[in-house]
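input_2.cif, holding mmCIF, C-alpha atoms (C1' of nucleotides):
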```
data_coords
loop_
_atom_site.label_atom_id
_atom_site.label_comp_id
_atom_site.auth_asym_id
_atom_site.auth_seq_id
_atom_site.Cartn_x
_atom_site.Cartn_y
_atom_site.Cartn_z
CA MET A 1 1.84 1.18 7.87
CA ARG A 2 0.31 0.55 4.51
CA LEU A 3 0.24 3.50 2.15
CA SER A 4 -1.95 2.92 -0.89
CA THR A 5 -4.68 4.52 -2.96
CA LYS A 6 -7.21 3.35 -0.41
CA GLY A 7 -5.75 5.75 2.10
CA ARG A 8 -5.67 8.45 -0.54
CA TYR A 9 -9.37 8.00 -1.18
CA ALA A 10 -10.08 8.32 2.51
CA VAL A 11 -7.92 11.40 2.98
CA THR A 12 -9.34 13.02 -0.14
CA ALA A 13 -12.89 12.49 1.12
CA MET A 14 -12.02 13.78 4.57
CA MET A 15 -10.41 16.85 3.03
CA ASP A 16 -13.55 17.51 1.05
CA ILE A 17 -15.57 17.48 4.26
CA ALA A 18 -13.08 19.60 6.16
CA LEU A 19 -13.04 22.18 3.38
CA HIS A 20 -16.83 22.54 3.64
CA GLU A 21 -17.06 22.42 7.38
CA ARG A 22 -18.73 25.80 7.76
CA VAL A 23 -21.27 24.94 5.06
CA GLY A 24 -22.53 21.89 6.90
CA PRO A 25 -22.62 18.13 6.37
CA VAL A 26 -21.37 16.84 3.02
CA THR A 27 -23.12 13.94 1.30
CA LEU A 28 -21.24 10.93 0.04
CA ALA A 29 -23.06 11.38 -3.27
CA ASP A 30 -21.38 14.79 -3.65
CA ILE A 31 -17.97 13.47 -2.72
CA SER A 32 -18.44 10.58 -5.10
CA GLN A 33 -19.22 12.90 -8.00
CA CYS A 34 -16.66 15.60 -7.30
CA GLN A 35 -13.74 13.40 -6.33
CA GLY A 36 -14.52 10.54 -8.71
CA ILE A 37 -14.85 7.77 -6.15
CA SER A 38 -17.58 5.13 -6.30
CA LEU A 39 -20.40 5.83 -3.85
CA SER A 40 -20.58 2.33 -2.42
CA TYR A 41 -16.86 2.21 -1.93
CA LEU A 42 -17.05 5.49 -0.06
CA GLU A 43 -19.71 3.97 2.16
CA GLN A 44 -17.34 1.16 3.06
CA LEU A 45 -14.57 3.61 3.85
CA PHE A 46 -16.86 5.81 5.91
CA ALA A 47 -18.06 2.87 7.94
CA LYS A 48 -14.44 2.58 9.09
CA LEU A 49 -13.96 6.30 9.54
CA ARG A 50 -17.06 6.36 11.69
CA LYS A 51 -15.83 3.45 13.77
CA GLY A 52 -12.53 5.29 14.07
CA GLY A 53 -14.41 8.23 15.56
CA LEU A 54 -13.34 10.67 12.86
CA VAL A 55 -16.73 11.50 11.35
CA GLU A 56 -20.40 11.62 12.30
CA GLY A 57 -23.22 10.73 9.96
CA VAL A 58 -26.30 12.95 9.76
CA ARG A 59 -29.27 11.24 8.17
CA GLY A 60 -32.13 12.63 6.20
CA PRO A 61 -32.36 15.47 3.67
CA GLY A 62 -29.69 18.07 4.22
CA GLY A 63 -27.66 15.43 6.00
CA GLY A 64 -24.30 13.95 5.14
CA TYR A 65 -21.07 13.56 7.05
CA ARG A 66 -19.24 16.04 9.21
CA LEU A 67 -16.02 15.87 11.19
CA ALA A 68 -16.40 14.37 14.66
CA ARG A 69 -13.78 16.75 16.04
CA PRO A 70 -12.08 20.00 14.92
CA ALA A 71 -10.00 19.82 11.75
CA ASP A 72 -6.85 20.76 13.63
CA GLN A 73 -7.21 17.56 15.65
CA ILE A 74 -7.47 15.19 12.68
CA SER A 75 -4.22 14.09 11.09
CA VAL A 76 -3.48 12.21 7.91
CA ALA A 77 -2.13 9.41 10.09
CA ASP A 78 -5.47 9.16 11.90
CA ILE A 79 -7.28 8.74 8.61
CA ILE A 80 -4.91 6.21 7.08
CA GLN A 81 -4.91 4.18 10.26
CA SER A 82 -8.70 4.13 10.33
CA VAL A 83 -8.99 2.56 6.90
CA ASP A 84 -5.71 0.68 6.59
CA GLU A 85 -5.59 -0.75 10.09
CA LYS A 86 -1.88 -1.26 10.53
CA LEU A 87 0.33 1.27 12.20
CA ASP A 88 3.76 -0.27 12.05
CA MET A 89 5.77 -2.00 9.37
CA THR A 90 7.55 -4.58 11.50
CA LYS A 91 6.81 -8.19 10.65
CA CYS A 92 6.16 -9.00 14.30
CA GLY A 93 3.90 -6.08 15.13
CA GLY A 94 6.46 -4.45 17.36
CA LYS A 95 6.86 -7.48 19.63
CA GLY A 96 10.43 -8.18 18.58
CA ASN A 97 9.95 -11.92 18.14
CA CYS A 98 10.31 -11.92 14.35
CA SER A 99 13.09 -14.51 14.18
CA GLN A 100 12.81 -17.45 16.59
CA GLY A 101 11.79 -15.27 19.49
CA GLU A 102 14.60 -12.81 18.78
CA LYS A 103 14.49 -9.60 16.80
CA CYS A 104 15.13 -10.13 13.11
CA LEU A 105 17.92 -8.26 11.33
CA THR A 106 15.64 -5.57 10.05
CA HIS A 107 13.48 -5.11 13.12
CA GLN A 108 15.28 -1.92 14.09
CA LEU A 109 14.96 -0.51 10.60
CA TRP A 110 11.21 -1.01 10.43
CA PHE A 111 10.63 0.10 13.94
CA GLU A 112 12.43 3.37 13.40
CA LEU A 113 10.87 3.83 10.00
CA SER A 114 7.41 3.32 11.49
CA CYS A 115 8.07 5.80 14.27
CA ASN A 116 9.33 8.48 11.96
CA LEU A 117 6.65 7.94 9.38
CA TYR A 118 3.95 8.08 12.00
CA ARG A 119 5.43 11.21 13.50
CA PHE A 120 5.47 12.83 10.09
CA LEU A 121 1.97 11.84 8.99
CA SER A 122 0.43 12.71 12.33
CA GLY A 123 1.99 16.15 12.01
CA ILE A 124 -0.16 16.96 9.00
CA LYS A 125 -3.59 18.10 10.17
CA LEU A 126 -6.57 18.76 7.94
CA ASP A 127 -6.85 22.40 8.98
CA GLN A 128 -3.45 23.14 7.45
CA TYR A 129 -5.08 22.85 4.05
CA VAL A 130 -8.39 24.39 4.99
CA ASN A 131 -6.69 27.66 5.81
CA ARG A 132 -4.67 27.95 2.63
CA PRO A 133 -5.89 30.60 0.14
CA ASP A 134 -4.80 28.65 -2.95
CA ILE A 135 -6.85 25.64 -1.81
CA SER A 136 -9.89 27.79 -0.94
CA GLU A 137 -9.71 29.16 -4.47
CA LEU A 138 -9.86 25.64 -5.90
CA VAL A 139 -12.74 24.66 -3.64
CA LYS A 140 -14.82 27.60 -4.81
CA LYS A 141 -14.15 26.79 -8.46
CA GLN A 142 -15.01 23.15 -8.07
CA ASP A 143 -18.18 23.84 -6.09
CA ILE A 144 -19.44 26.16 -8.82
CA GLN A 145 -18.53 23.65 -11.49
CA TYR A 146 -20.57 20.93 -9.81
CA GLY A 147 -23.33 23.27 -8.59
CA ARG A 148 -22.77 22.29 -5.01
CA PHE A 149 -24.53 23.77 -1.97
CA LEU A 150 -26.64 26.13 -4.08
CA ASN A 151 -29.35 26.09 -1.45
CA ARG A 152 -27.03 27.00 1.41
CA PRO A 153 -26.27 30.68 1.96
CA GLN A 154 -23.03 30.00 3.85
CA ALA A 155 -21.51 28.51 0.72
CA ILE A 156 -21.47 31.85 -1.10
CA ALA A 157 -20.03 33.95 1.71
CA MET B 1 4.54 6.08 -3.37
CA ARG B 2 3.22 2.69 -2.40
CA LEU B 3 4.43 1.31 0.91
CA SER B 4 3.63 -2.38 1.35
CA THR B 5 5.18 -5.66 2.41
CA LYS B 6 6.65 -5.99 -1.06
CA GLY B 7 8.90 -3.06 -0.36
CA ARG B 8 9.71 -4.50 3.05
CA TYR B 9 10.84 -7.74 1.46
CA ALA B 10 13.09 -5.85 -0.89
CA VAL B 11 14.60 -3.67 1.81
CA THR B 12 15.08 -6.65 4.10
CA ALA B 13 16.92 -8.54 1.38
CA MET B 14 19.07 -5.54 0.54
CA MET B 15 19.92 -5.08 4.20
CA ASP B 16 21.01 -8.68 4.39
CA ILE B 17 23.38 -8.11 1.49
CA ALA B 18 24.68 -4.82 2.87
CA LEU B 19 25.34 -6.41 6.26
CA HIS B 20 27.53 -9.06 4.60
CA GLU B 21 29.24 -6.79 2.14
CA ARG B 22 32.75 -7.54 3.35
CA VAL B 23 32.08 -11.30 3.27
CA GLY B 24 31.23 -11.29 -0.42
CA PRO B 25 28.18 -11.99 -2.59
CA VAL B 26 25.09 -13.34 -0.82
CA THR B 27 22.94 -15.99 -2.46
CA LEU B 28 19.20 -15.66 -2.81
CA ALA B 29 18.90 -19.15 -1.33
CA ASP B 30 20.51 -17.86 1.88
CA ILE B 31 18.31 -14.79 2.03
CA SER B 32 15.29 -16.94 1.37
CA GLN B 33 16.09 -19.22 4.28
CA CYS B 34 17.22 -16.62 6.80
CA GLN B 35 14.62 -13.95 6.10
CA GLY B 36 11.76 -16.33 5.33
CA ILE B 37 10.99 -15.14 1.81
CA SER B 38 10.22 -17.49 -1.06
CA LEU B 39 13.20 -17.97 -3.37
CA SER B 40 11.29 -17.47 -6.59
CA TYR B 41 9.65 -14.35 -5.27
CA LEU B 42 13.07 -13.02 -4.37
CA GLU B 43 14.18 -13.68 -7.92
CA GLN B 44 11.37 -11.52 -9.20
CA LEU B 45 12.26 -8.72 -6.83
CA PHE B 46 15.93 -8.94 -7.69
CA ALA B 47 15.19 -8.74 -11.40
CA LYS B 48 13.80 -5.29 -10.61
CA LEU B 49 16.59 -4.34 -8.25
CA ARG B 50 19.07 -5.28 -10.94
CA LYS B 51 17.24 -3.19 -13.53
CA GLY B 52 17.21 -0.38 -10.99
CA GLY B 53 20.99 -0.58 -10.83
CA LEU B 54 21.11 -1.36 -7.12
CA VAL B 55 22.65 -4.84 -7.23
CA GLU B 56 24.89 -6.97 -9.41
CA GLY B 57 24.50 -10.70 -9.84
CA VAL B 58 27.53 -12.95 -9.70
CA ARG B 59 26.96 -16.38 -11.23
CA GLY B 60 28.48 -19.68 -10.42
CA PRO B 61 29.57 -21.27 -7.15
CA GLY B 62 30.52 -18.67 -4.55
CA GLY B 63 28.35 -16.23 -6.44
CA GLY B 64 25.24 -14.39 -5.33
CA TYR B 65 24.30 -10.75 -5.27
CA ARG B 66 26.26 -7.75 -4.12
CA LEU B 67 25.54 -4.04 -3.97
CA ALA B 68 26.18 -2.20 -7.21
CA ARG B 69 27.37 0.86 -5.29
CA PRO B 70 28.50 1.66 -1.75
CA ALA B 71 25.95 1.16 1.03
CA ASP B 72 26.02 4.84 1.94
CA GLN B 73 24.70 5.62 -1.53
CA ILE B 74 21.69 3.32 -1.40
CA SER B 75 18.59 4.63 0.34
CA VAL B 76 15.38 2.94 1.39
CA ALA B 77 13.60 5.18 -1.13
CA ASP B 78 15.83 3.82 -3.93
CA ILE B 79 14.86 0.28 -3.03
CA ILE B 80 11.14 0.86 -2.67
CA GLN B 81 11.05 2.78 -5.91
CA SER B 82 12.83 -0.02 -7.73
CA VAL B 83 10.23 -2.62 -6.80
CA ASP B 84 7.12 -0.51 -6.33
CA GLU B 85 7.58 1.74 -9.31
CA LYS B 86 5.64 4.81 -8.25
CA LEU B 87 7.30 7.74 -6.57
CA ASP B 88 4.43 10.13 -5.95
CA MET B 89 0.94 9.76 -4.55
CA THR B 90 -0.85 12.31 -6.73
CA LYS B 91 -3.61 10.90 -8.88
CA CYS B 92 -2.26 12.73 -11.93
CA GLY B 93 1.39 11.78 -11.57
CA GLY B 94 2.45 15.30 -10.67
CA LYS B 95 1.02 16.84 -13.85
CA GLY B 96 -1.68 18.79 -12.04
CA ASN B 97 -4.49 17.85 -14.43
CA CYS B 98 -6.39 15.66 -11.98
CA SER B 99 -9.74 17.41 -12.30
CA GLN B 100 -10.72 18.53 -15.82
CA GLY B 101 -7.29 19.85 -16.62
CA GLU B 102 -7.08 21.67 -13.29
CA LYS B 103 -5.51 20.58 -10.04
CA CYS B 104 -7.90 18.63 -7.84
CA LEU B 105 -8.62 19.71 -4.28
CA THR B 106 -6.08 17.38 -2.80
CA HIS B 107 -3.32 17.78 -5.34
CA GLN B 108 -1.31 20.03 -3.02
CA LEU B 109 -1.69 17.63 -0.13
CA TRP B 110 -0.39 14.64 -2.05
CA PHE B 111 2.33 16.57 -3.75
CA GLU B 112 3.70 17.84 -0.46
CA LEU B 113 3.24 14.48 1.19
CA SER B 114 5.17 12.80 -1.60
CA CYS B 115 8.00 15.30 -1.39
CA ASN B 116 8.37 14.96 2.34
CA LEU B 117 8.06 11.22 2.33
CA TYR B 118 10.62 10.91 -0.39
CA ARG B 119 12.98 13.24 1.40
CA PHE B 120 12.62 11.17 4.55
CA LEU B 121 13.03 7.74 2.98
CA SER B 122 15.93 8.83 0.82
CA GLY B 123 17.64 10.08 3.95
CA ILE B 124 17.89 6.55 5.32
CA LYS B 125 20.91 4.82 3.79
CA LEU B 126 21.79 1.17 4.21
CA ASP B 127 25.14 1.93 5.83
CA GLN B 128 23.39 3.54 8.80
CA TYR B 129 22.39 0.08 9.91
CA VAL B 130 25.56 -1.69 8.85
CA ASN B 131 27.59 0.42 11.26
CA ARG B 132 25.41 -0.12 14.30
CA PRO B 133 26.87 -2.44 16.95
CA ASP B 134 23.47 -3.82 18.06
CA ILE B 135 22.70 -4.85 14.51
CA SER B 136 26.14 -6.40 13.97
CA GLU B 137 25.50 -8.46 17.07
CA LEU B 138 22.26 -9.79 15.60
CA VAL B 139 23.89 -10.56 12.27
CA LYS B 140 26.56 -12.65 13.93
CA LYS B 141 24.00 -14.60 15.94
CA GLN B 142 21.82 -15.29 12.95
CA ASP B 143 24.71 -16.32 10.74
CA ILE B 144 25.83 -18.87 13.32
CA GLN B 145 22.29 -20.13 13.71
CA TYR B 146 21.97 -20.77 9.99
CA GLY B 147 25.57 -21.86 9.49
CA ARG B 148 26.22 -19.20 6.95
CA PHE B 149 29.56 -18.43 5.27
CA LEU B 150 31.38 -21.19 7.13
CA ASN B 151 33.84 -21.51 4.26
CA ARG B 152 34.71 -17.83 4.20
CA PRO B 153 37.40 -16.62 6.60
CA GLN B 154 36.20 -12.98 6.54
CA ALA B 155 32.93 -14.01 8.11
CA ILE B 156 34.57 -14.93 11.40
CA ALA B 157 36.72 -11.84 11.79
"C1'" DA C 1 -48.91 10.65 6.84
"C1'" DT C 2 -46.16 10.45 2.97
"C1'" DA C 3 -42.40 11.01 0.16
"C1'" DA C 4 -37.78 12.22 -0.47
"C1'" DT C 5 -33.28 12.12 1.15
"C1'" DT C 6 -29.48 10.23 3.14
"C1'" DC C 7 -26.97 7.29 6.05
"C1'" DC C 8 -26.21 2.45 7.02
"C1'" DT C 9 -25.60 -2.66 6.36
"C1'" DG C 10 -24.30 -6.97 4.35
"C1'" DA C 11 -23.46 -9.93 0.67
"C1'" DC C 12 -21.67 -10.36 -3.63
"C1'" DT C 13 -18.47 -9.69 -7.88
"C1'" DA C 14 -14.46 -7.98 -10.49
"C1'" DA C 15 -9.98 -6.29 -11.00
"C1'" DA C 16 -5.47 -5.61 -9.45
"C1'" DT C 17 -1.65 -6.68 -6.68
"C1'" DT C 18 1.09 -9.66 -4.01
"C1'" DA C 19 3.05 -13.94 -3.28
"C1'" DG C 20 4.48 -18.23 -4.59
"C1'" DT C 21 5.40 -22.29 -8.00
"C1'" DC C 22 7.48 -24.57 -11.78
"C1'" DG C 23 10.56 -25.79 -15.45
"C1'" DG C 24 14.17 -24.71 -17.71
"C1'" DG C 25 18.42 -22.11 -19.44
"C1'" DA C 26 23.10 -19.43 -19.09
"C1'" DA C 27 27.34 -18.28 -16.85
"C1'" DT C 28 30.85 -19.43 -13.77
"C1'" DT C 29 33.78 -22.11 -10.65
"C1'" DA C 30 35.99 -26.28 -8.96
"C1'" DT D 1 32.30 -32.17 -16.53
"C1'" DA D 2 29.51 -31.31 -12.70
"C1'" DA D 3 27.91 -28.29 -9.31
"C1'" DT D 4 26.35 -23.88 -8.26
"C1'" DT D 5 24.04 -19.88 -8.93
"C1'" DC D 6 21.93 -16.32 -11.42
"C1'" DC D 7 18.39 -15.58 -14.84
"C1'" DC D 8 13.91 -15.90 -17.43
"C1'" DG D 9 9.07 -16.61 -18.51
"C1'" DA D 10 4.77 -18.57 -17.79
"C1'" DC D 11 1.62 -20.10 -14.65
"C1'" DT D 12 -1.34 -20.35 -10.21
"C1'" DA D 13 -3.11 -18.94 -5.64
"C1'" DA D 14 -4.12 -15.71 -2.15
"C1'" DT D 15 -5.07 -11.24 -0.73
"C1'" DT D 16 -6.38 -6.60 -1.23
"C1'" DT D 17 -8.67 -3.04 -3.58
"C1'" DA D 18 -12.50 -1.43 -5.89
"C1'" DG D 19 -17.01 -1.53 -7.23
"C1'" DT D 20 -22.04 -3.39 -7.42
"C1'" DC D 21 -26.45 -4.45 -5.65
"C1'" DA D 22 -30.49 -4.70 -2.81
"C1'" DG D 23 -32.43 -3.32 0.81
"C1'" DG D 24 -33.38 -1.01 5.58
"C1'" DA D 25 -33.37 2.97 9.16
"C1'" DA D 26 -33.49 7.73 10.45
"C1'" DT D 27 -34.63 12.28 9.36
"C1'" DT D 28 -36.60 16.24 6.98
"C1'" DA D 29 -39.88 18.60 4.02
"C1'" DT D 30 -44.34 18.68 2.02
#
```
Take the structure in the file and write it out as structure tokens.
Amino acid sequence: MRLSTKGRYAVTAMMDIALHERVGPVTLADISQCQGISLSYLEQLFAKLRKGGLVEGVRGPGGGYRLARPADQISVADIIQSVDEKLDMTKCGGKGNCSQGEKCLTHQLWFELSCNLYRFLSGIKLDQYVNRPDISELVKKQDIQYGRFLNRPQAIA
Amino acid sequence: MRLSTKGRYAVTAMMDIALHERVGPVTLADISQCQGISLSYLEQLFAKLRKGGLVEGVRGPGGGYRLARPADQISVADIIQSVDEKLDMTKCGGKGNCSQGEKCLTHQLWFELSCNLYRFLSGIKLDQYVNRPDISELVKKQDIQYGRFLNRPQAIA
DNA sequence: ATAATTCCTGACTAAATTAGTCGGGAATTA
DNA sequence: TAATTCCCGACTAATTTAGTCAGGAATTAT
């Protein structure tokens, strides 16, 4: 498993969408501005997230992206895997043929590390943050600051 | 925290040393050959591991590297931090000023992720693998295969 | 219809990181 | 004295990350 800023970008963007789920689709332009990520780079990431089945695109005015399934069924591991590809940290990809057909010295270490890491990251679901009052507070502030969703009544409620 | 093959190289090399602790210092040339990592790249990594206080170099014939402290006091987190620098995944470095002086939407997420990840990785100590019979078996096999430590009586025992 | 919005696609460039190379020097042991 | 090994810095190559650009396709609003 690779864990870099690329994955952070993806998770940040997904969080943004999850936090505005009840408002409707969120545009990449909005995410780009509010989270400070280049629009075209976001498009690359979302191409992967779409292929990974995590989001759906809605075209046209009022469109944007929305989650393809409920926020409590999308984990951080899902997101990172969608953009970073690799799941495990073993050299051999879990096959156990890292050293002349045999397991290398550190195969066990990486295998167990991968398992535990995956278990941990897949335990964190997006909805855990959606339902937190301190986060909701921040969302409201930021939306006002950037004048987001002014034309959507749900945003105020 | 960055988690890439660079960190894997470092942990693999450290494991190799830990697994031969009772034999004596291990040379980078040996690690290079057995673990399939370029010698000069290892030297770069070990410059950092030395600065991080994890290993000590021993010069001259019969020299090599050995752990600077007992294997049960060296964690995977220690190693990764030494070569990868960064500990946390927040954009702001834990300061909480990621978005115009305020915390960004995902600050909490990354902060908590960093904490948990660190707690997990620092819970894995090198000695956990040194004391496992299945690993010891592998070590012995590999050492014979590469003709390692033939001149050192401890290696056979 | 038309125009505006937004996703969507592919090719391209730039920066950063990772990985590896090279040449040499310093300390230690035999 | 010679061999071994760490140690150091500069350099190059490959890969990944990040960003740019130019356009096209679907949808909505006018």
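The list of chain A residues within 12 Å of chain D is Arg2, Ser4, Thr5, Lys6, Gly7, Tyr9, Ile37, Ser38, Leu39, Ser40, Tyr41, Leu42, Glu43, Gln44, Leu45, Gly57, Val58, Arg59, Gly60, Pro61, Gly62, Gly63, Gly64, Val83 and Asp84 of chain A; this uses all atoms listed in the file.
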message: Suppose a student applies the PyMOL selection byres ((chain C) within 10 of (chain B)) to this structure; what residues should they get, written as a list of chain:residue names?
response: C:DT18, C:DA19, C:DG20, C:DT21, C:DC22, C:DA26, C:DA27, C:DT28, C:DT29, C:DA30
Store the residues picked out above, limited to C-alpha atoms (C1' of nucleotides), as an mmCIF file, keeping the file's coordinate frame.
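And here is the file that came out, result04.cif:
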```cif
data_model
loop_
_atom_site.group_PDB
_atom_site.id
_atom_site.type_symbol
_atom_site.label_atom_id
_atom_site.label_comp_id
_atom_site.auth_asym_id
_atom_site.auth_seq_id
_atom_site.Cartn_x
_atom_site.Cartn_y
_atom_site.Cartn_z
ATOM 1 C "C1'" DT C 18 1.090 -9.660 -4.010
ATOM 2 C "C1'" DA C 19 3.050 -13.940 -3.280
ATOM 3 C "C1'" DG C 20 4.480 -18.230 -4.590
ATOM 4 C "C1'" DT C 21 5.400 -22.290 -8.000
ATOM 5 C "C1'" DC C 22 7.480 -24.570 -11.780
ATOM 6 C "C1'" DA C 26 23.100 -19.430 -19.090
ATOM 7 C "C1'" DA C 27 27.340 -18.280 -16.850
ATOM 8 C "C1'" DT C 28 30.850 -19.430 -13.770
ATOM 9 C "C1'" DT C 29 33.780 -22.110 -10.650
ATOM 10 C "C1'" DA C 30 35.990 -26.280 -8.960
#
```
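Proximity of A:Ser32, A:Thr106, A:Ser82, A:Ser75 to Ala18 (chain B), computed with all atoms listed in the file, is greatest for A:Thr106.
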For chain A against chain B, with a cut-off of 9 Å and counting only C-alpha atoms, what is the closest atom pair and its distance in Å to one decimal for every residue that makes the cut, ordered by chain and number, as CSV?
```
residue,atom,partner,partner_atom,distance
A:Met1,CA,B:Leu3,CA,7.4
A:Arg2,CA,B:Ser4,CA,5.4
A:Leu3,CA,B:Leu3,CA,4.9
A:Ser4,CA,B:Arg2,CA,5.4
A:Thr5,CA,B:Met89,CA,7.8
A:Arg8,CA,B:Met89,CA,7.8
A:Val11,CA,B:Thr106,CA,8.5
A:Thr12,CA,B:Thr106,CA,6.1
A:Met15,CA,B:Thr106,CA,7.3
A:Asp16,CA,B:Leu105,CA,7.6
A:Cys34,CA,B:Ser99,CA,8.7
A:Gln35,CA,B:Cys104,CA,8.0
A:Met89,CA,B:Arg8,CA,7.9
A:Thr90,CA,B:Arg8,CA,8.7
A:Lys91,CA,B:Thr5,CA,8.8
A:Ser99,CA,B:Gln35,CA,8.2
A:Glu102,CA,B:Leu138,CA,8.8
A:Lys103,CA,B:Leu138,CA,7.9
A:Cys104,CA,B:Leu138,CA,7.6
A:Leu105,CA,B:Leu138,CA,6.3
A:Thr106,CA,B:Thr12,CA,6.1
A:Gln108,CA,B:Ile135,CA,8.0
A:Leu109,CA,B:Tyr129,CA,7.5
A:Trp110,CA,B:Arg8,CA,8.3
A:Leu113,CA,B:Leu121,CA,8.3
A:Asn116,CA,B:Phe120,CA,8.5
A:Leu117,CA,B:Leu117,CA,7.9
A:Phe120,CA,B:Leu117,CA,8.3
A:Leu121,CA,B:Leu113,CA,8.3
A:Ile124,CA,B:Leu113,CA,8.9
A:Tyr129,CA,B:Leu109,CA,7.5
A:Ile135,CA,B:Leu105,CA,6.7
A:Ser136,CA,B:Leu105,CA,8.8
A:Leu138,CA,B:Leu105,CA,6.3
A:Val139,CA,B:Leu105,CA,6.5
A:Gln142,CA,B:Leu105,CA,8.2
```
Export C-alpha atoms of the chosen residues as a tab-separated table (two decimals), keeping the file's coordinate frame?
```
chain	number	residue	atom	x	y	z
A	1	MET	CA	1.84	1.18	7.87
A	2	ARG	CA	0.31	0.55	4.51
A	3	LEU	CA	0.24	3.50	2.15
A	4	SER	CA	-1.95	2.92	-0.89
A	5	THR	CA	-4.68	4.52	-2.96
A	8	ARG	CA	-5.67	8.45	-0.54
A	11	VAL	CA	-7.92	11.40	2.98
A	12	THR	CA	-9.34	13.02	-0.14
A	15	MET	CA	-10.41	16.85	3.03
A	16	ASP	CA	-13.55	17.51	1.05
A	34	CYS	CA	-16.66	15.60	-7.30
A	35	GLN	CA	-13.74	13.40	-6.33
A	89	MET	CA	5.77	-2.00	9.37
A	90	THR	CA	7.55	-4.58	11.50
A	91	LYS	CA	6.81	-8.19	10.65
A	99	SER	CA	13.09	-14.51	14.18
A	102	GLU	CA	14.60	-12.81	18.78
A	103	LYS	CA	14.49	-9.60	16.80
A	104	CYS	CA	15.13	-10.13	13.11
A	105	LEU	CA	17.92	-8.26	11.33
A	106	THR	CA	15.64	-5.57	10.05
A	108	GLN	CA	15.28	-1.92	14.09
A	109	LEU	CA	14.96	-0.51	10.60
A	110	TRP	CA	11.21	-1.01	10.43
A	113	LEU	CA	10.87	3.83	10.00
A	116	ASN	CA	9.33	8.48	11.96
A	117	LEU	CA	6.65	7.94	9.38
A	120	PHE	CA	5.47	12.83	10.09
A	121	LEU	CA	1.97	11.84	8.99
A	124	ILE	CA	-0.16	16.96	9.00
A	129	TYR	CA	-5.08	22.85	4.05
A	135	ILE	CA	-6.85	25.64	-1.81
A	136	SER	CA	-9.89	27.79	-0.94
A	138	LEU	CA	-9.86	25.64	-5.90
A	139	VAL	CA	-12.74	24.66	-3.64
A	142	GLN	CA	-15.01	23.15	-8.07
```
Taking every listed atom of region 71-84 of chain B and adding 6 Å to each side, what centre and edge lengths in Å (one decimal) does the axis-aligned box have, as JSON?
```
{"center_x": 16.6, "center_y": 1.5, "center_z": -2.9, "size_x": 30.9, "size_y": 20.2, "size_z": 21.7}
```
field: Shell around His20 (chain B) at 10 Å using only C-alpha atoms (C1' of nucleotides), local window under 6 positions removed, as a list in words
entry: Val26, Arg66, Val130, Ser136, Val139, Asp143, Phe149, Gln154 and Ala155 of chain B
query: What gap, in Å, lies between CA of Pro70 (chain B) and CA of Leu49 (chain B)?
result: 14.8 Å
